[in-house]
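Step one of this worksheet: look at the structure below.
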Amino acid sequence: MASGLGTFINTFNSKIEEPVRIHLKNVYACLTLATISAALGAYIDLYTNILSRNFITVLGAIGFLVALNCTKDNGKNQLMRLGFLIGFSFCSGLGLGPLLEQVILIDPSIIPTTLLATSLIFVSFSLSALLARRGSWLFLGGTITTILSALFVFSLASMFLSSTLLFQAHLYVGLVLMCAFVLYDTQLIMEKRRHGDKDFIAHSVDLFIDFIGIFRRLLIILAQKENNKREERRR
């Protein structure tokens, strides 16, 4: 195992130049902070239930994200921009509260299982992007745009048609899309850094959205499966 880890580190160092490696470390550090902030927001919602059903939560998340994007990195405002990132992720965690409450009613163990599965999926696709040939996953940009358009159509259709099939298609296609985004966003971040973009805080937002997107969809899928099992047992 130690030799395998050493081989991975050597491969990682040989494939990725030092400035990009340092940038990625900062991106993943910010991603870790954002994930912890989201977990704190979800925890507070579960035990206080004061903000999740308030439209202010949504406005707060949008406001922090807009503030982050509008405040360009000048090397002196990193703490302020990091605060915007934490605020955005905290509000995102609050927004997960109602879904988590419903899942807990079905089976509380689904939550840690989903978190572990999401982490494994995210790490696996991230490593695939990091160790792949330079720019090999950037071709996904066109495919992702097409799938996004299809999901938008599915969303409009589900507003007028109460179809379980449409909902399931939207759910599973969305999960595949989020995994594709991890590949695409990871390599895009590397290319941006190679072209001089050092804004690791903004780059971490993309990966955070991917992580939350995978987690949310897996949570619904696993909760549905467990709920279906219980209904079958009752029959």
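Ordering of the structure tokens sets the chain letters (A, B, ...); residue numbers start at 1 within each chain; ligands are numbered from 1 in the order shown.
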
Per DSSP on the backbone, what are the helix (DSSP H, G or I) residues of range 116-179 of chain A, as a PyMOL selection string? chain A and resi 116-131+140-160+164-179

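Between Gly63 in chain A and the residues A:Glu191, A:Leu79, A:Leu46, A:Cys91, the shortest atom-to-atom distance, using only C-alpha atoms, involves A:Cys91.
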
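Reported to one decimal place, the separation of CA of Lys76 in chain A from CA of Gly196 in chain A is 17.5 Å.
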
For Leu130 in chain A, which residue out of A:Thr48, A:Asn74, A:Thr186, A:Gln224 is the nearest one, using only C-alpha atoms? A:Thr186

With 12 Å as the cut-off and only C-alpha atoms counted, what is the closest atom pair between each nearby residue of range 86-148 of chain A and range 25-34 of chain A? Distances in Å to one decimal, ordered by chain and number, as JSON lines.
{"residue": "A:Ile86", "atom": "CA", "partner": "A:Ala34", "partner_atom": "CA", "distance": 5.5}
{"residue": "A:Gly87", "atom": "CA", "partner": "A:Ala34", "partner_atom": "CA", "distance": 8.6}
{"residue": "A:Phe88", "atom": "CA", "partner": "A:Ala34", "partner_atom": "CA", "distance": 8.2}
{"residue": "A:Ser89", "atom": "CA", "partner": "A:Ala34", "partner_atom": "CA", "distance": 5.4}
{"residue": "A:Phe90", "atom": "CA", "partner": "A:Ala34", "partner_atom": "CA", "distance": 7.5}
{"residue": "A:Cys91", "atom": "CA", "partner": "A:Ala34", "partner_atom": "CA", "distance": 10.5}
{"residue": "A:Ser92", "atom": "CA", "partner": "A:Ala34", "partner_atom": "CA", "distance": 9.7}
{"residue": "A:Gly93", "atom": "CA", "partner": "A:Ala34", "partner_atom": "CA", "distance": 9.6}
{"residue": "A:Ser119", "atom": "CA", "partner": "A:Thr32", "partner_atom": "CA", "distance": 11.4}
{"residue": "A:Phe122", "atom": "CA", "partner": "A:Tyr28", "partner_atom": "CA", "distance": 11.8}
{"residue": "A:Val123", "atom": "CA", "partner": "A:Tyr28", "partner_atom": "CA", "distance": 11.0}
{"residue": "A:Ser126", "atom": "CA", "partner": "A:Tyr28", "partner_atom": "CA", "distance": 10.7}

As an MDAnalysis selection string, please: the residues near Gly95 in chain A (cut-off 12 Å, only C-alpha atoms, same-chain neighbours under 4 positions excluded). chainID A and resid 38:46 49:62 88:91 99:101 212 216

Dump of N, CA, C and O atoms for the selected residues, as a short mmCIF file (atom, residue, chain, number, x, y, z; two decimals), in the first residue's frame:
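Saved as result.cif:
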data_model
loop_
_atom_site.label_atom_id
_atom_site.label_comp_id
_atom_site.auth_asym_id
_atom_site.auth_seq_id
_atom_site.Cartn_x
_atom_site.Cartn_y
_atom_site.Cartn_z
N ALA A 38 -21.17 23.86 5.03
CA ALA A 38 -22.47 23.33 4.61
C ALA A 38 -22.99 22.32 5.62
O ALA A 38 -24.19 22.30 5.94
N ALA A 39 -22.10 21.47 6.14
CA ALA A 39 -22.51 20.48 7.14
C ALA A 39 -23.00 21.18 8.41
O ALA A 39 -23.99 20.76 9.02
N LEU A 40 -22.32 22.27 8.78
CA LEU A 40 -22.75 23.03 9.95
C LEU A 40 -24.12 23.65 9.72
O LEU A 40 -24.99 23.64 10.60
N GLY A 41 -24.33 24.20 8.52
CA GLY A 41 -25.64 24.77 8.19
C GLY A 41 -26.74 23.74 8.24
O GLY A 41 -27.83 23.99 8.78
N ALA A 42 -26.48 22.55 7.70
CA ALA A 42 -27.48 21.48 7.73
C ALA A 42 -27.76 21.04 9.17
O ALA A 42 -28.91 20.79 9.54
N TYR A 43 -26.70 20.95 9.98
CA TYR A 43 -26.86 20.54 11.39
C TYR A 43 -27.70 21.56 12.15
O TYR A 43 -28.61 21.18 12.91
N ILE A 44 -27.41 22.84 11.95
CA ILE A 44 -28.17 23.88 12.63
C ILE A 44 -29.64 23.84 12.22
O ILE A 44 -30.54 24.00 13.05
N ASP A 45 -29.89 23.61 10.93
CA ASP A 45 -31.27 23.54 10.46
C ASP A 45 -32.01 22.37 11.09
O ASP A 45 -33.17 22.51 11.51
N LEU A 46 -31.35 21.23 11.19
CA LEU A 46 -32.00 20.04 11.74
C LEU A 46 -32.39 20.23 13.20
O LEU A 46 -33.41 19.71 13.66
N ASN A 49 -34.34 24.46 12.94
CA ASN A 49 -35.45 24.56 11.97
C ASN A 49 -36.01 25.97 11.88
O ASN A 49 -37.21 26.19 11.82
N ILE A 50 -35.11 26.97 11.83
CA ILE A 50 -35.58 28.35 11.83
C ILE A 50 -35.38 29.06 10.49
O ILE A 50 -35.99 30.10 10.24
N LEU A 51 -34.51 28.50 9.63
CA LEU A 51 -34.20 29.23 8.41
C LEU A 51 -34.47 28.46 7.12
O LEU A 51 -34.60 29.06 6.06
N SER A 52 -34.55 27.14 7.18
CA SER A 52 -34.56 26.35 5.94
C SER A 52 -35.78 26.61 5.07
O SER A 52 -35.71 26.53 3.86
N ARG A 53 -36.92 26.90 5.69
CA ARG A 53 -38.13 27.11 4.91
C ARG A 53 -38.38 28.59 4.60
O ARG A 53 -39.42 28.98 4.15
N ASN A 54 -37.38 29.39 4.89
CA ASN A 54 -37.49 30.82 4.66
C ASN A 54 -36.80 31.16 3.34
O ASN A 54 -35.69 30.72 3.07
N PHE A 55 -37.47 31.96 2.53
CA PHE A 55 -36.92 32.34 1.23
C PHE A 55 -35.61 33.11 1.39
O PHE A 55 -34.81 33.20 0.46
N ILE A 56 -35.38 33.63 2.59
CA ILE A 56 -34.14 34.38 2.86
C ILE A 56 -32.92 33.48 2.68
O ILE A 56 -31.85 33.94 2.27
N THR A 57 -33.08 32.19 2.96
CA THR A 57 -31.97 31.25 2.79
C THR A 57 -31.51 31.20 1.35
O THR A 57 -30.32 31.25 1.05
N VAL A 58 -32.48 31.12 0.44
CA VAL A 58 -32.16 31.08 -0.99
C VAL A 58 -31.53 32.41 -1.42
O VAL A 58 -30.51 32.44 -2.13
N LEU A 59 -32.13 33.50 -0.99
CA LEU A 59 -31.59 34.82 -1.33
C LEU A 59 -30.18 34.99 -0.76
O LEU A 59 -29.31 35.60 -1.40
N GLY A 60 -29.97 34.46 0.44
CA GLY A 60 -28.65 34.55 1.06
C GLY A 60 -27.60 33.82 0.25
O GLY A 60 -26.50 34.35 0.01
N ALA A 61 -27.91 32.60 -0.19
CA ALA A 61 -26.97 31.83 -1.00
C ALA A 61 -26.65 32.55 -2.30
O ALA A 61 -25.48 32.67 -2.69
N ILE A 62 -27.69 33.06 -2.97
CA ILE A 62 -27.48 33.79 -4.22
C ILE A 62 -26.67 35.06 -3.98
O ILE A 62 -25.76 35.39 -4.74
N PHE A 88 -21.98 31.33 1.43
CA PHE A 88 -22.71 30.61 0.38
C PHE A 88 -22.90 29.14 0.73
O PHE A 88 -24.00 28.59 0.61
N SER A 89 -21.83 28.50 1.17
CA SER A 89 -21.92 27.07 1.50
C SER A 89 -22.79 26.84 2.75
O SER A 89 -23.52 25.85 2.82
N PHE A 90 -22.74 27.77 3.70
CA PHE A 90 -23.58 27.64 4.90
C PHE A 90 -25.06 27.71 4.52
O PHE A 90 -25.86 26.88 4.98
N CYS A 91 -25.42 28.67 3.68
CA CYS A 91 -26.81 28.78 3.23
C CYS A 91 -27.22 27.55 2.41
O CYS A 91 -28.37 27.10 2.48
N LEU A 99 -34.73 18.26 3.22
CA LEU A 99 -34.51 16.95 2.59
C LEU A 99 -33.92 15.98 3.60
O LEU A 99 -34.34 14.80 3.67
N LEU A 100 -32.97 16.45 4.41
CA LEU A 100 -32.37 15.58 5.42
C LEU A 100 -33.40 15.13 6.45
O LEU A 100 -33.36 13.98 6.92
N GLU A 101 -34.30 16.02 6.80
CA GLU A 101 -35.36 15.66 7.75
C GLU A 101 -36.21 14.52 7.22
O GLU A 101 -36.55 13.59 7.95
N ILE A 212 -22.14 18.88 -3.83
CA ILE A 212 -23.49 18.97 -3.28
C ILE A 212 -24.50 18.37 -4.24
O ILE A 212 -25.47 17.71 -3.82
N ARG A 216 -26.92 15.35 -3.03
CA ARG A 216 -28.37 15.53 -3.00
C ARG A 216 -29.07 14.41 -3.80
O ARG A 216 -30.05 13.83 -3.33
#

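Here CA of Phe152 in chain A stands at a distance of 10.5 Å from CA of Gly174 in chain A.
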